[in-house]
Amino acid sequence: EAGVSRRSALKGAFAALECTLFPAATELLTRPGLPGEPKATPSDLLRPEAWKSLAPYDMDGAAQAEAAAALARGDELVASGDPAGAVGEYERAADLVGSGQYKLWQAATLRGGHAKELAGDRAAGNANSSEVWWWGRGLRWPGWYIIAYLSARSAYYDTKYPDGVPAPARATSRASARGALGAKARGAEPKRKAGNDLIFELIILTVGGIEQPDA
């Protein structure tokens, strides 16, 4: 009983961290800085101001409009056959909004990466895609919350069924001598532990994708 209680408590604590601290810390360390501010570093996790920056940001309308215009100019340069010139416009658009406008920053960074590849710098283009992918693993990634749910459910069943959750007995049909079907109950299957749900967490951690930007 004591072992089950400790295991349930650990799973419950892990579930709480999975839907709070882990995604928030990942968000801080993988996103760009707010407009005019540098990107956060691991030491910033010790500063309360850094955590407060996760609150909704009131983006300056003029800066957002300027960023959208730079994004459009980048698109025009790519269309006219000047991807190298477009890179600067895309980077300007991304810098103007930073983490204050996820969709616009994502679009500018992905398109900037594509322009770099067109200009012959594939490694730099892949680096842009990687930046977008990592920020997508922050607060917006559903995997954190799915894992938290599985962990919390496992903790609940460990507490409710300390000896394991009994699987329902199955009945099989057998033909009688006269051709009629008869049911014969089999013995109960071995009990399965609810903790096995955690096996799926490793699978879920590999699932994800980059949110497609608005055109």
# chains A, B, ... in the order shown; residues from 1 in each chain; ligands from 1
call {"tool": "residues_around", "arguments": {"residues": "Thr26 in chain A", "least_positions_apart": "4", "cutoff": "7 Å", "atoms": "only C-alpha atoms", "output": "list in words"}}
result
Phe22, Thr30 and Gly138 of chain A
call {"tool": "closest_residue", "arguments": {"among": "A:Tyr90, A:Arg140, A:Trp51, A:Pro56", "to": "Ala69 in chain A", "atoms": "only C-alpha atoms"}}
result
A:Tyr90
call {"tool": "select_by_dssp", "arguments": {"residues": "range 18-196 of chain A", "states": "strand (DSSP E or B)", "output": "list of chain:residue names"}}
result
A:Val165, A:Ala171, A:Thr172, A:Ser173, A:Arg174, A:Ala175, A:Leu181, A:Gly182, A:Ala183, A:Lys184, A:Ala185, A:Arg192
call {"tool": "closest_residue", "arguments": {"among": "A:Leu104, A:Ala115, A:Leu29, A:Ala62", "to": "Gly85 in chain A", "atoms": "only C-alpha atoms"}}
result
A:Ala115
call {"tool": "select_by_dssp", "arguments": {"residues": "range 6-106 of chain A", "states": "helix (DSSP H, G or I)", "output": "MDAnalysis selection string"}}
result
chainID A and resid 6:18 21:30 42:46 48:52 61:79 83:100 102:106
call {"tool": "closest_residue", "arguments": {"among": "A:Cys19, A:Ala148, A:Ala55, A:Ala67", "to": "Gly98 in chain A", "atoms": "only C-alpha atoms"}}
result
A:Ala67
call {"tool": "atom_distance", "arguments": {"atom1": "CA of Gly136 in chain A", "atom2": "CA of Gln106 in chain A"}}
result
9.5 Å
call {"tool": "closest_residue", "arguments": {"among": "A:Leu45, A:Ser80, A:Leu71, A:Ala86", "to": "Ala107 in chain A", "atoms": "only C-alpha atoms"}}
result
A:Leu71
call {"tool": "residues_around", "arguments": {"residues": "Glu117 in chain A", "least_positions_apart": "6", "cutoff": "10 Å", "atoms": "only C-alpha atoms", "output": "ChimeraX atom specification"}}
result
/A:83-84,111,123-126
call {"tool": "closest_residue", "arguments": {"among": "A:Pro23, A:Gly61, A:Pro42, A:Pro48", "to": "Val97 in chain A", "atoms": "only C-alpha atoms"}}
result
A:Gly61
call {"tool": "closest_residue", "arguments": {"among": "A:Thr159, A:Gln101, A:Ser8, A:Thr20", "to": "Leu34 in chain A", "atoms": "only C-alpha atoms"}}
result
A:Gln101
call {"tool": "decode", "arguments": {"residues": "range 19-39 of chain A", "atoms": "N, CA, C and O atoms", "output": "PDB file, in the first residue's frame"}}
result
ATOM      1  N   CYS A  19       1.921  19.566 -17.386  1.00  0.00           N
ATOM      2  CA  CYS A  19       0.982  20.541 -17.957  1.00  0.00           C
ATOM      3  C   CYS A  19       1.231  21.956 -17.440  1.00  0.00           C
ATOM      4  O   CYS A  19       0.434  22.856 -17.706  1.00  0.00           O
ATOM      5  N   THR A  20       2.326  22.166 -16.711  1.00  0.00           N
ATOM      6  CA  THR A  20       2.634  23.506 -16.200  1.00  0.00           C
ATOM      7  C   THR A  20       4.093  23.874 -16.450  1.00  0.00           C
ATOM      8  O   THR A  20       4.414  24.583 -17.405  1.00  0.00           O
ATOM      9  N   LEU A  21       4.985  23.376 -15.605  1.00  0.00           N
ATOM     10  CA  LEU A  21       6.385  23.798 -15.648  1.00  0.00           C
ATOM     11  C   LEU A  21       7.093  23.391 -16.934  1.00  0.00           C
ATOM     12  O   LEU A  21       7.785  24.213 -17.559  1.00  0.00           O
ATOM     13  N   PHE A  22       6.947  22.145 -17.353  1.00  0.00           N
ATOM     14  CA  PHE A  22       7.693  21.668 -18.518  1.00  0.00           C
ATOM     15  C   PHE A  22       7.356  22.441 -19.794  1.00  0.00           C
ATOM     16  O   PHE A  22       8.258  22.930 -20.480  1.00  0.00           O
ATOM     17  N   PRO A  23       6.065  22.577 -20.154  1.00  0.00           N
ATOM     18  CA  PRO A  23       5.776  23.336 -21.377  1.00  0.00           C
ATOM     19  C   PRO A  23       6.124  24.813 -21.262  1.00  0.00           C
ATOM     20  O   PRO A  23       6.564  25.430 -22.234  1.00  0.00           O
ATOM     21  N   ALA A  24       5.948  25.392 -20.064  1.00  0.00           N
ATOM     22  CA  ALA A  24       6.260  26.816 -19.896  1.00  0.00           C
ATOM     23  C   ALA A  24       7.760  27.068 -20.027  1.00  0.00           C
ATOM     24  O   ALA A  24       8.189  28.031 -20.672  1.00  0.00           O
ATOM     25  N   ALA A  25       8.572  26.204 -19.421  1.00  0.00           N
ATOM     26  CA  ALA A  25      10.023  26.364 -19.517  1.00  0.00           C
ATOM     27  C   ALA A  25      10.494  26.160 -20.953  1.00  0.00           C
ATOM     28  O   ALA A  25      11.369  26.888 -21.450  1.00  0.00           O
ATOM     29  N   THR A  26       9.912  25.178 -21.637  1.00  0.00           N
ATOM     30  CA  THR A  26      10.266  24.946 -23.035  1.00  0.00           C
ATOM     31  C   THR A  26       9.894  26.151 -23.890  1.00  0.00           C
ATOM     32  O   THR A  26      10.642  26.559 -24.783  1.00  0.00           O
ATOM     33  N   GLU A  27       8.738  26.726 -23.609  1.00  0.00           N
ATOM     34  CA  GLU A  27       8.300  27.927 -24.330  1.00  0.00           C
ATOM     35  C   GLU A  27       9.309  29.058 -24.166  1.00  0.00           C
ATOM     36  O   GLU A  27       9.719  29.703 -25.139  1.00  0.00           O
ATOM     37  N   LEU A  28       9.732  29.300 -22.936  1.00  0.00           N
ATOM     38  CA  LEU A  28      10.660  30.393 -22.667  1.00  0.00           C
ATOM     39  C   LEU A  28      11.994  30.209 -23.389  1.00  0.00           C
ATOM     40  O   LEU A  28      12.568  31.165 -23.916  1.00  0.00           O
ATOM     41  N   LEU A  29      12.490  28.983 -23.409  1.00  0.00           N
ATOM     42  CA  LEU A  29      13.831  28.735 -23.932  1.00  0.00           C
ATOM     43  C   LEU A  29      13.883  28.525 -25.441  1.00  0.00           C
ATOM     44  O   LEU A  29      14.967  28.546 -26.024  1.00  0.00           O
ATOM     45  N   THR A  30      12.746  28.308 -26.075  1.00  0.00           N
ATOM     46  CA  THR A  30      12.769  28.023 -27.514  1.00  0.00           C
ATOM     47  C   THR A  30      12.177  29.140 -28.368  1.00  0.00           C
ATOM     48  O   THR A  30      12.407  29.171 -29.574  1.00  0.00           O
ATOM     49  N   ARG A  31      11.438  30.038 -27.773  1.00  0.00           N
ATOM     50  CA  ARG A  31      10.843  31.112 -28.566  1.00  0.00           C
ATOM     51  C   ARG A  31      11.829  32.278 -28.694  1.00  0.00           C
ATOM     52  O   ARG A  31      12.773  32.400 -27.897  1.00  0.00           O
ATOM     53  N   PRO A  32      11.620  33.168 -29.664  1.00  0.00           N
ATOM     54  CA  PRO A  32      12.458  34.374 -29.739  1.00  0.00           C
ATOM     55  C   PRO A  32      12.075  35.331 -28.620  1.00  0.00           C
ATOM     56  O   PRO A  32      11.068  35.126 -27.928  1.00  0.00           O
ATOM     57  N   GLY A  33      12.866  36.363 -28.436  1.00  0.00           N
ATOM     58  CA  GLY A  33      12.523  37.347 -27.421  1.00  0.00           C
ATOM     59  C   GLY A  33      11.347  38.202 -27.860  1.00  0.00           C
ATOM     60  O   GLY A  33      10.965  38.219 -29.035  1.00  0.00           O
ATOM     61  N   LEU A  34      10.764  38.911 -26.916  1.00  0.00           N
ATOM     62  CA  LEU A  34       9.729  39.879 -27.269  1.00  0.00           C
ATOM     63  C   LEU A  34      10.372  41.001 -28.080  1.00  0.00           C
ATOM     64  O   LEU A  34      11.604  41.149 -28.078  1.00  0.00           O
ATOM     65  N   PRO A  35       9.601  41.797 -28.804  1.00  0.00           N
ATOM     66  CA  PRO A  35      10.186  42.865 -29.620  1.00  0.00           C
ATOM     67  C   PRO A  35      11.156  43.734 -28.819  1.00  0.00           C
ATOM     68  O   PRO A  35      10.819  44.256 -27.760  1.00  0.00           O
ATOM     69  N   GLY A  36      12.375  43.837 -29.330  1.00  0.00           N
ATOM     70  CA  GLY A  36      13.384  44.657 -28.675  1.00  0.00           C
ATOM     71  C   GLY A  36      14.099  43.988 -27.518  1.00  0.00           C
ATOM     72  O   GLY A  36      14.951  44.609 -26.872  1.00  0.00           O
ATOM     73  N   GLU A  37      13.776  42.727 -27.233  1.00  0.00           N
ATOM     74  CA  GLU A  37      14.398  42.018 -26.115  1.00  0.00           C
ATOM     75  C   GLU A  37      15.120  40.775 -26.617  1.00  0.00           C
ATOM     76  O   GLU A  37      14.727  40.178 -27.620  1.00  0.00           O
ATOM     77  N   PRO A  38      16.194  40.349 -25.916  1.00  0.00           N
ATOM     78  CA  PRO A  38      16.934  39.154 -26.350  1.00  0.00           C
ATOM     79  C   PRO A  38      16.175  37.875 -26.023  1.00  0.00           C
ATOM     80  O   PRO A  38      15.246  37.870 -25.201  1.00  0.00           O
ATOM     81  N   LYS A  39      16.596  36.798 -26.655  1.00  0.00           N
ATOM     82  CA  LYS A  39      16.015  35.490 -26.378  1.00  0.00           C
ATOM     83  C   LYS A  39      16.406  35.044 -24.975  1.00  0.00           C
ATOM     84  O   LYS A  39      17.509  35.317 -24.503  1.00  0.00           O
TER      85      LYS A  39
END
